file data-v3.txt (compact mmCIF, N, CA and C atoms)
# COMPACT_ATOMS: atom_id res chain seq x y z
N MET P 1 4.85 20.06 -7.19
CA MET P 1 5.15 19.12 -8.26
C MET P 1 4.19 17.96 -8.18
N LYS P 2 3.64 17.59 -9.33
CA LYS P 2 2.74 16.45 -9.42
C LYS P 2 3.25 15.50 -10.48
N TRP P 3 3.40 14.26 -10.11
CA TRP P 3 3.80 13.22 -11.06
C TRP P 3 2.64 12.91 -11.96
N VAL P 4 2.87 12.92 -13.27
CA VAL P 4 1.81 12.64 -14.24
C VAL P 4 1.91 11.21 -14.73
N GLU P 5 3.06 10.84 -15.31
CA GLU P 5 3.31 9.49 -15.79
C GLU P 5 4.79 9.36 -16.08
N GLU P 6 5.27 8.13 -16.19
CA GLU P 6 6.67 7.85 -16.48
C GLU P 6 7.55 8.86 -15.76
N ARG P 7 8.31 9.70 -16.49
CA ARG P 7 9.16 10.73 -15.87
C ARG P 7 8.66 12.11 -16.25
N THR P 8 7.35 12.28 -16.22
CA THR P 8 6.71 13.56 -16.55
C THR P 8 6.05 14.10 -15.30
N PHE P 9 6.31 15.38 -15.02
CA PHE P 9 5.76 16.05 -13.85
C PHE P 9 5.19 17.40 -14.26
N VAL P 10 4.24 17.90 -13.49
CA VAL P 10 3.74 19.26 -13.69
C VAL P 10 3.96 20.01 -12.39
N GLY P 11 4.65 21.13 -12.50
CA GLY P 11 4.89 21.97 -11.34
C GLY P 11 4.00 23.20 -11.44
N GLU P 12 3.49 23.63 -10.30
CA GLU P 12 2.68 24.85 -10.26
C GLU P 12 3.28 25.81 -9.26
N SER P 13 3.52 27.03 -9.71
CA SER P 13 4.12 28.05 -8.85
C SER P 13 3.06 28.62 -7.91
N GLY P 14 3.51 29.35 -6.94
CA GLY P 14 2.61 30.01 -6.00
C GLY P 14 1.71 31.02 -6.69
N SER P 15 2.13 31.51 -7.85
CA SER P 15 1.32 32.47 -8.60
C SER P 15 0.36 31.79 -9.58
N GLY P 16 0.34 30.45 -9.55
CA GLY P 16 -0.62 29.72 -10.37
C GLY P 16 -0.15 29.33 -11.76
N HIS P 17 1.10 29.58 -12.09
CA HIS P 17 1.63 29.21 -13.40
C HIS P 17 2.09 27.76 -13.37
N LYS P 18 1.82 27.05 -14.45
CA LYS P 18 2.20 25.64 -14.53
C LYS P 18 3.27 25.43 -15.59
N VAL P 19 4.14 24.45 -15.31
CA VAL P 19 5.18 24.08 -16.28
C VAL P 19 5.31 22.56 -16.26
N VAL P 20 5.45 21.99 -17.45
CA VAL P 20 5.65 20.55 -17.59
C VAL P 20 7.14 20.27 -17.60
N LEU P 21 7.55 19.30 -16.78
CA LEU P 21 8.94 18.87 -16.72
C LEU P 21 8.97 17.40 -17.13
N GLY P 22 9.98 17.03 -17.88
CA GLY P 22 10.03 15.62 -18.22
C GLY P 22 11.30 15.18 -18.88
N THR P 23 11.64 13.92 -18.61
CA THR P 23 12.79 13.32 -19.26
C THR P 23 12.38 12.08 -20.04
N ALA P 24 11.12 11.66 -19.93
CA ALA P 24 10.66 10.49 -20.68
C ALA P 24 10.49 10.89 -22.14
N SER P 25 11.08 10.11 -23.03
CA SER P 25 10.98 10.42 -24.45
C SER P 25 9.62 10.02 -25.00
N GLY P 26 9.03 10.92 -25.73
CA GLY P 26 7.76 10.67 -26.40
C GLY P 26 8.01 10.29 -27.83
N PRO P 27 7.00 10.47 -28.68
CA PRO P 27 7.18 10.18 -30.10
C PRO P 27 8.34 11.00 -30.67
N GLU P 28 9.10 10.38 -31.54
CA GLU P 28 10.23 11.02 -32.21
C GLU P 28 11.33 11.44 -31.23
N GLY P 29 11.37 10.82 -30.06
CA GLY P 29 12.42 11.10 -29.09
C GLY P 29 12.29 12.41 -28.36
N LYS P 30 11.14 13.06 -28.45
CA LYS P 30 10.94 14.36 -27.79
C LYS P 30 10.45 14.15 -26.36
N THR P 31 10.93 15.01 -25.48
CA THR P 31 10.48 14.98 -24.10
C THR P 31 9.25 15.87 -23.95
N PRO P 32 8.44 15.64 -22.93
CA PRO P 32 7.23 16.46 -22.75
C PRO P 32 7.51 17.87 -22.26
N GLY P 33 8.71 18.14 -21.86
CA GLY P 33 9.09 19.47 -21.37
C GLY P 33 10.56 19.45 -21.02
N PRO P 34 11.07 20.59 -20.58
CA PRO P 34 12.49 20.63 -20.21
C PRO P 34 12.74 19.76 -18.98
N SER P 35 13.97 19.27 -18.87
CA SER P 35 14.35 18.55 -17.66
C SER P 35 14.47 19.56 -16.53
N PRO P 36 14.44 19.11 -15.29
CA PRO P 36 14.62 20.07 -14.19
C PRO P 36 15.91 20.88 -14.29
N MET P 37 17.01 20.25 -14.72
CA MET P 37 18.27 20.98 -14.83
C MET P 37 18.27 21.96 -16.01
N GLU P 38 17.57 21.61 -17.10
CA GLU P 38 17.41 22.58 -18.19
C GLU P 38 16.63 23.79 -17.69
N LEU P 39 15.63 23.54 -16.86
CA LEU P 39 14.83 24.63 -16.32
C LEU P 39 15.66 25.54 -15.41
N VAL P 40 16.61 24.95 -14.70
CA VAL P 40 17.52 25.76 -13.87
C VAL P 40 18.30 26.73 -14.76
N LEU P 41 18.81 26.24 -15.90
CA LEU P 41 19.55 27.12 -16.81
C LEU P 41 18.64 28.17 -17.43
N ILE P 42 17.43 27.75 -17.83
CA ILE P 42 16.47 28.71 -18.39
C ILE P 42 16.17 29.80 -17.37
N GLY P 43 15.97 29.41 -16.13
CA GLY P 43 15.71 30.39 -15.07
C GLY P 43 16.87 31.34 -14.85
N THR P 44 18.09 30.82 -14.95
CA THR P 44 19.27 31.67 -14.79
C THR P 44 19.37 32.68 -15.92
N GLY P 45 19.15 32.22 -17.14
CA GLY P 45 19.15 33.13 -18.28
C GLY P 45 18.07 34.19 -18.15
N GLY P 46 16.88 33.77 -17.71
CA GLY P 46 15.78 34.71 -17.53
C GLY P 46 16.05 35.73 -16.44
N CYS P 47 16.64 35.26 -15.35
CA CYS P 47 16.98 36.15 -14.24
C CYS P 47 17.94 37.24 -14.70
N SER P 48 18.97 36.85 -15.42
CA SER P 48 19.97 37.81 -15.85
C SER P 48 19.44 38.72 -16.96
N ALA P 49 18.67 38.15 -17.90
CA ALA P 49 18.09 38.98 -18.97
C ALA P 49 17.17 40.04 -18.38
N TYR P 50 16.38 39.65 -17.39
CA TYR P 50 15.48 40.60 -16.72
C TYR P 50 16.29 41.76 -16.14
N ASP P 51 17.38 41.43 -15.44
CA ASP P 51 18.23 42.47 -14.85
C ASP P 51 18.79 43.40 -15.91
N VAL P 52 19.33 42.84 -16.98
CA VAL P 52 19.97 43.64 -18.03
C VAL P 52 18.97 44.60 -18.65
N VAL P 53 17.79 44.10 -18.99
CA VAL P 53 16.75 44.96 -19.57
C VAL P 53 16.38 46.07 -18.58
N HIS P 54 16.16 45.70 -17.33
CA HIS P 54 15.76 46.68 -16.30
C HIS P 54 16.83 47.76 -16.12
N ILE P 55 18.09 47.35 -16.01
CA ILE P 55 19.18 48.31 -15.80
C ILE P 55 19.31 49.25 -17.00
N LEU P 56 19.24 48.71 -18.21
CA LEU P 56 19.38 49.55 -19.40
C LEU P 56 18.19 50.49 -19.56
N GLU P 57 16.98 50.02 -19.24
CA GLU P 57 15.81 50.91 -19.31
C GLU P 57 15.93 52.04 -18.28
N LYS P 58 16.39 51.71 -17.07
CA LYS P 58 16.59 52.75 -16.05
C LYS P 58 17.62 53.77 -16.50
N GLY P 59 18.60 53.31 -17.29
CA GLY P 59 19.63 54.20 -17.81
C GLY P 59 19.20 54.91 -19.08
N ARG P 60 17.93 54.76 -19.43
CA ARG P 60 17.34 55.41 -20.61
C ARG P 60 17.99 54.99 -21.92
N GLU P 61 18.48 53.76 -21.96
CA GLU P 61 19.01 53.20 -23.20
C GLU P 61 17.83 52.68 -24.03
N ALA P 62 17.91 52.79 -25.33
CA ALA P 62 16.83 52.38 -26.24
C ALA P 62 16.95 50.89 -26.57
N ILE P 63 16.79 50.04 -25.55
CA ILE P 63 16.90 48.59 -25.73
C ILE P 63 15.62 48.07 -26.39
N GLU P 64 15.80 47.16 -27.34
CA GLU P 64 14.68 46.57 -28.06
C GLU P 64 14.57 45.07 -27.86
N ASP P 65 15.69 44.41 -27.54
CA ASP P 65 15.66 42.96 -27.37
C ASP P 65 16.88 42.52 -26.56
N CYS P 66 16.71 41.42 -25.86
CA CYS P 66 17.81 40.83 -25.10
C CYS P 66 17.64 39.31 -25.15
N VAL P 67 18.65 38.64 -25.69
CA VAL P 67 18.66 37.18 -25.77
C VAL P 67 19.88 36.69 -25.00
N VAL P 68 19.70 35.62 -24.22
CA VAL P 68 20.83 35.02 -23.53
C VAL P 68 20.92 33.56 -23.97
N GLU P 69 22.04 33.22 -24.60
CA GLU P 69 22.30 31.84 -24.99
C GLU P 69 23.21 31.23 -23.94
N LEU P 70 22.83 30.06 -23.42
CA LEU P 70 23.60 29.43 -22.36
C LEU P 70 24.19 28.11 -22.83
N ASP P 71 25.42 27.85 -22.40
CA ASP P 71 26.10 26.59 -22.68
C ASP P 71 26.69 26.15 -21.35
N ALA P 72 26.54 24.87 -21.01
CA ALA P 72 26.98 24.43 -19.69
C ALA P 72 27.51 23.01 -19.70
N ASP P 73 28.34 22.72 -18.71
CA ASP P 73 28.83 21.37 -18.44
C ASP P 73 28.39 20.99 -17.04
N ARG P 74 28.17 19.68 -16.87
CA ARG P 74 27.80 19.16 -15.56
C ARG P 74 28.82 18.13 -15.10
N ALA P 75 28.89 17.92 -13.80
CA ALA P 75 29.77 16.91 -13.23
C ALA P 75 29.36 15.53 -13.75
N GLU P 76 30.31 14.61 -13.86
CA GLU P 76 30.03 13.28 -14.37
C GLU P 76 29.43 12.36 -13.31
N THR P 77 29.61 12.71 -12.03
CA THR P 77 29.09 11.87 -10.95
C THR P 77 28.01 12.62 -10.17
N ASP P 78 27.17 11.86 -9.50
CA ASP P 78 26.08 12.45 -8.70
C ASP P 78 26.63 13.17 -7.49
N PRO P 79 26.08 14.29 -7.10
CA PRO P 79 25.04 15.01 -7.83
C PRO P 79 25.66 15.72 -9.02
N LYS P 80 25.04 15.64 -10.14
CA LYS P 80 25.59 16.17 -11.39
C LYS P 80 25.34 17.67 -11.50
N VAL P 81 26.04 18.40 -10.63
CA VAL P 81 25.90 19.86 -10.57
C VAL P 81 26.54 20.49 -11.80
N PHE P 82 26.14 21.71 -12.09
CA PHE P 82 26.80 22.45 -13.16
C PHE P 82 28.20 22.81 -12.69
N THR P 83 29.17 22.62 -13.57
CA THR P 83 30.56 22.95 -13.25
C THR P 83 31.07 24.12 -14.09
N ARG P 84 30.41 24.36 -15.24
CA ARG P 84 30.77 25.47 -16.12
C ARG P 84 29.51 25.98 -16.80
N ILE P 85 29.34 27.29 -16.79
CA ILE P 85 28.22 27.92 -17.50
C ILE P 85 28.77 29.12 -18.25
N HIS P 86 28.45 29.18 -19.54
CA HIS P 86 28.82 30.35 -20.32
C HIS P 86 27.53 31.02 -20.79
N MET P 87 27.45 32.32 -20.59
CA MET P 87 26.28 33.10 -20.98
C MET P 87 26.69 34.06 -22.09
N HIS P 88 26.02 33.95 -23.23
CA HIS P 88 26.29 34.85 -24.36
C HIS P 88 25.06 35.73 -24.54
N PHE P 89 25.24 37.03 -24.31
CA PHE P 89 24.14 38.01 -24.40
C PHE P 89 24.15 38.64 -25.78
N ILE P 90 22.98 38.74 -26.39
CA ILE P 90 22.81 39.48 -27.63
C ILE P 90 21.79 40.58 -27.31
N VAL P 91 22.29 41.81 -27.23
CA VAL P 91 21.46 42.94 -26.82
C VAL P 91 21.26 43.85 -28.02
N THR P 92 20.01 44.08 -28.36
CA THR P 92 19.65 44.85 -29.54
C THR P 92 18.97 46.15 -29.14
N GLY P 93 19.33 47.23 -29.84
CA GLY P 93 18.69 48.51 -29.57
C GLY P 93 19.23 49.60 -30.47
N HIS P 94 18.67 50.76 -30.29
CA HIS P 94 19.02 51.93 -31.11
C HIS P 94 20.15 52.70 -30.43
N ALA P 95 21.33 52.69 -31.05
CA ALA P 95 22.50 53.43 -30.56
C ALA P 95 22.82 53.12 -29.09
N LEU P 96 22.81 51.83 -28.74
CA LEU P 96 23.13 51.44 -27.37
C LEU P 96 24.59 51.72 -27.04
N SER P 97 24.83 52.12 -25.81
CA SER P 97 26.19 52.31 -25.34
C SER P 97 26.77 50.95 -24.98
N ARG P 98 27.84 50.57 -25.65
CA ARG P 98 28.49 49.28 -25.38
C ARG P 98 28.95 49.20 -23.92
N ASP P 99 29.47 50.30 -23.40
CA ASP P 99 29.92 50.34 -22.00
C ASP P 99 28.76 50.11 -21.03
N LYS P 100 27.60 50.69 -21.34
CA LYS P 100 26.43 50.52 -20.46
C LYS P 100 25.89 49.09 -20.54
N VAL P 101 25.96 48.48 -21.71
CA VAL P 101 25.54 47.08 -21.84
C VAL P 101 26.46 46.20 -21.01
N GLN P 102 27.77 46.40 -21.14
CA GLN P 102 28.75 45.63 -20.35
C GLN P 102 28.51 45.81 -18.86
N ARG P 103 28.28 47.03 -18.44
CA ARG P 103 28.02 47.32 -17.02
C ARG P 103 26.76 46.62 -16.54
N ALA P 104 25.69 46.65 -17.34
CA ALA P 104 24.43 46.01 -16.95
C ALA P 104 24.61 44.50 -16.80
N ILE P 105 25.33 43.90 -17.72
CA ILE P 105 25.59 42.45 -17.64
C ILE P 105 26.42 42.12 -16.41
N ASN P 106 27.48 42.89 -16.19
CA ASN P 106 28.33 42.64 -15.01
C ASN P 106 27.54 42.79 -13.72
N LEU P 107 26.72 43.84 -13.62
CA LEU P 107 25.91 44.03 -12.42
C LEU P 107 24.96 42.86 -12.20
N SER P 108 24.36 42.39 -13.27
CA SER P 108 23.44 41.27 -13.14
C SER P 108 24.17 40.04 -12.60
N ILE P 109 25.21 39.64 -13.28
CA ILE P 109 25.90 38.40 -12.92
C ILE P 109 26.61 38.49 -11.57
N GLU P 110 27.20 39.64 -11.28
CA GLU P 110 28.01 39.77 -10.06
C GLU P 110 27.24 40.25 -8.84
N LYS P 111 26.06 40.87 -9.04
CA LYS P 111 25.37 41.47 -7.90
C LYS P 111 23.89 41.10 -7.78
N TYR P 112 23.13 41.18 -8.85
CA TYR P 112 21.68 41.09 -8.73
C TYR P 112 21.05 39.73 -8.99
N CYS P 113 21.58 38.95 -9.91
CA CYS P 113 20.93 37.69 -10.29
C CYS P 113 21.15 36.61 -9.23
N SER P 114 20.09 36.30 -8.51
CA SER P 114 20.17 35.29 -7.44
C SER P 114 20.52 33.92 -7.99
N ALA P 115 20.00 33.59 -9.17
CA ALA P 115 20.25 32.27 -9.76
C ALA P 115 21.73 32.08 -10.07
N SER P 116 22.35 33.07 -10.71
CA SER P 116 23.77 32.92 -11.03
C SER P 116 24.62 32.94 -9.76
N ALA P 117 24.19 33.66 -8.74
CA ALA P 117 24.93 33.66 -7.46
C ALA P 117 24.93 32.27 -6.84
N MET P 118 23.79 31.58 -6.91
CA MET P 118 23.71 30.21 -6.36
C MET P 118 24.56 29.25 -7.18
N LEU P 119 24.44 29.33 -8.51
CA LEU P 119 25.16 28.41 -9.37
C LEU P 119 26.66 28.64 -9.32
N ALA P 120 27.09 29.84 -9.01
CA ALA P 120 28.52 30.16 -8.92
C ALA P 120 29.19 29.39 -7.78
N LYS P 121 28.40 28.78 -6.90
CA LYS P 121 28.96 27.98 -5.81
C LYS P 121 29.59 26.69 -6.33
N THR P 122 29.12 26.21 -7.50
CA THR P 122 29.66 24.98 -8.07
C THR P 122 30.21 25.14 -9.48
N ALA P 123 29.83 26.22 -10.15
CA ALA P 123 30.19 26.39 -11.56
C ALA P 123 31.01 27.65 -11.78
N VAL P 124 31.92 27.56 -12.72
CA VAL P 124 32.62 28.75 -13.20
C VAL P 124 31.68 29.38 -14.22
N ILE P 125 31.29 30.63 -13.98
CA ILE P 125 30.38 31.32 -14.88
C ILE P 125 31.14 32.38 -15.65
N THR P 126 31.07 32.28 -16.97
CA THR P 126 31.70 33.26 -17.83
C THR P 126 30.62 33.87 -18.72
N HIS P 127 30.96 34.99 -19.32
CA HIS P 127 29.98 35.62 -20.21
C HIS P 127 30.69 36.48 -21.26
N ASP P 128 29.98 36.69 -22.34
CA ASP P 128 30.39 37.66 -23.33
C ASP P 128 29.11 38.25 -23.92
N PHE P 129 29.27 39.21 -24.81
CA PHE P 129 28.07 39.84 -25.35
C PHE P 129 28.32 40.43 -26.72
N LYS P 130 27.23 40.64 -27.40
CA LYS P 130 27.22 41.27 -28.71
C LYS P 130 26.13 42.34 -28.67
N VAL P 131 26.44 43.52 -29.19
CA VAL P 131 25.44 44.59 -29.29
C VAL P 131 25.05 44.70 -30.76
N VAL P 132 23.75 44.63 -31.01
CA VAL P 132 23.22 44.80 -32.35
C VAL P 132 22.56 46.18 -32.39
N ASP P 133 23.09 47.05 -33.24
CA ASP P 133 22.63 48.43 -33.30
C ASP P 133 21.61 48.60 -34.43
N THR P 134 20.37 48.88 -34.05
CA THR P 134 19.32 49.06 -35.07
C THR P 134 19.39 50.44 -35.72
N ALA P 135 20.26 51.30 -35.23
CA ALA P 135 20.43 52.62 -35.82
C ALA P 135 21.14 52.53 -37.17
N VAL P 136 21.89 51.44 -37.39
CA VAL P 136 22.64 51.30 -38.62
C VAL P 136 21.99 50.34 -39.60
N GLU P 137 20.87 49.76 -39.22
CA GLU P 137 20.20 48.79 -40.11
C GLU P 137 19.18 49.47 -40.97

call {"tool": "encode", "arguments": {"input": "data-v3.txt", "output": "structure tokens"}}
result
Amino acid sequence: MKWVEERTFVGESGSGHKVVLGTASGPEGKTPGPSPMELVLIGTGGCSAYDVVHILEKGREAIEDCVVELDADRAETDPKVFTRIHMHFIVTGHALSRDKVQRAINLSIEKYCSASAMLAKTAVITHDFKVVDTAVE
């Protein structure tokens, strides 16, 4: 992590990827990047989406898209940890098995996703899902 200015930082991963983090408001009230805690949620959604896609592909399901919408609450006092996280999955594909989608999501959240496993230490994590079938469109 490198401090740039005000409350703006640039982090570089071991693989050389950079991300801007910031809470300082710029023009029109926009921040230069997600806050560190927003990035934690983004990472959790990405971790679980990766698992779901991987599991469904291994199961030879015709998955075409996976979106995870996250909603969360944080504690009011420091440290302001997440106390509630809800994950809404929208999984799109051709004639997807609803049971297999449910199984993939459960496996991700309960077994494979390291991020949700860590956050479950302080937050109640819930989830639901919607399957969009491109076979009927």

call {"tool": "residues_around", "arguments": {"input": "data-v3.txt", "residues": "region 52-59 of chain P", "least_positions_apart": "6", "cutoff": "12 Å", "atoms": "only C-alpha atoms", "output": "number ranges by chain"}}
result
P: 45-46, 65-68, 89-94, 96-113, 129

call {"tool": "atom_distance", "arguments": {"input": "data-v3.txt", "atom1": "atom N of Pro34 (chain P)", "atom2": "atom C of Gly22 (chain P)"}}
result
5.7 Å

call {"tool": "select_by_dssp", "arguments": {"input": "data-v3.txt", "residues": "region 54-121 of chain P", "states": "strand (DSSP E or B)", "output": "PyMOL selection string"}}
result
chain P and resi 62-74+82-94

call {"tool": "residues_around", "arguments": {"input": "data-v3.txt", "residues": "Leu41 (chain P)", "least_positions_apart": "3", "cutoff": "12 Å", "atoms": "only C-alpha atoms", "output": "PyMOL selection string"}}
result
chain P and resi 34-38+44-48+68-74+81-82+84-87+115-116+118-119+123+125

call {"tool": "closest_residue", "arguments": {"input": "data-v3.txt", "among": "P:Glu12, P:Glu6, P:Asp133, P:Asp128", "to": "His88 (chain P)", "atoms": "all atoms listed in the file"}}
result
P:Asp128

call {"tool": "atom_distance", "arguments": {"input": "data-v3.txt", "atom1": "CA of Pro79 (chain P)", "atom2": "CA of His17 (chain P)"}}
result
27.9 Å

call {"tool": "atom_distance", "arguments": {"input": "data-v3.txt", "atom1": "atom N of Ala62 (chain P)", "atom2": "atom N of Thr134 (chain P)"}}
result
9.9 Å

call {"tool": "select_by_dssp", "arguments": {"input": "data-v3.txt", "residues": "chain P", "states": "helix (DSSP H, G or I)", "output": "number ranges by chain"}}
result
P: 27-29, 36-58, 98-112, 114-119

call {"tool": "residues_around", "arguments": {"input": "data-v3.txt", "residues": "Pro32 (chain P)", "least_positions_apart": "3", "cutoff": "8 Å", "atoms": "only N, CA and C atoms", "output": "VMD selection string"}}
result
chain P and resid 7 to 9 19 to 27 29 35

call {"tool": "closest_residue", "arguments": {"input": "data-v3.txt", "among": "P:Thr83, P:Val136, P:Ala95, P:Gly33", "to": "Glu61 (chain P)", "atoms": "only N, CA and C atoms"}}
result
P:Ala95
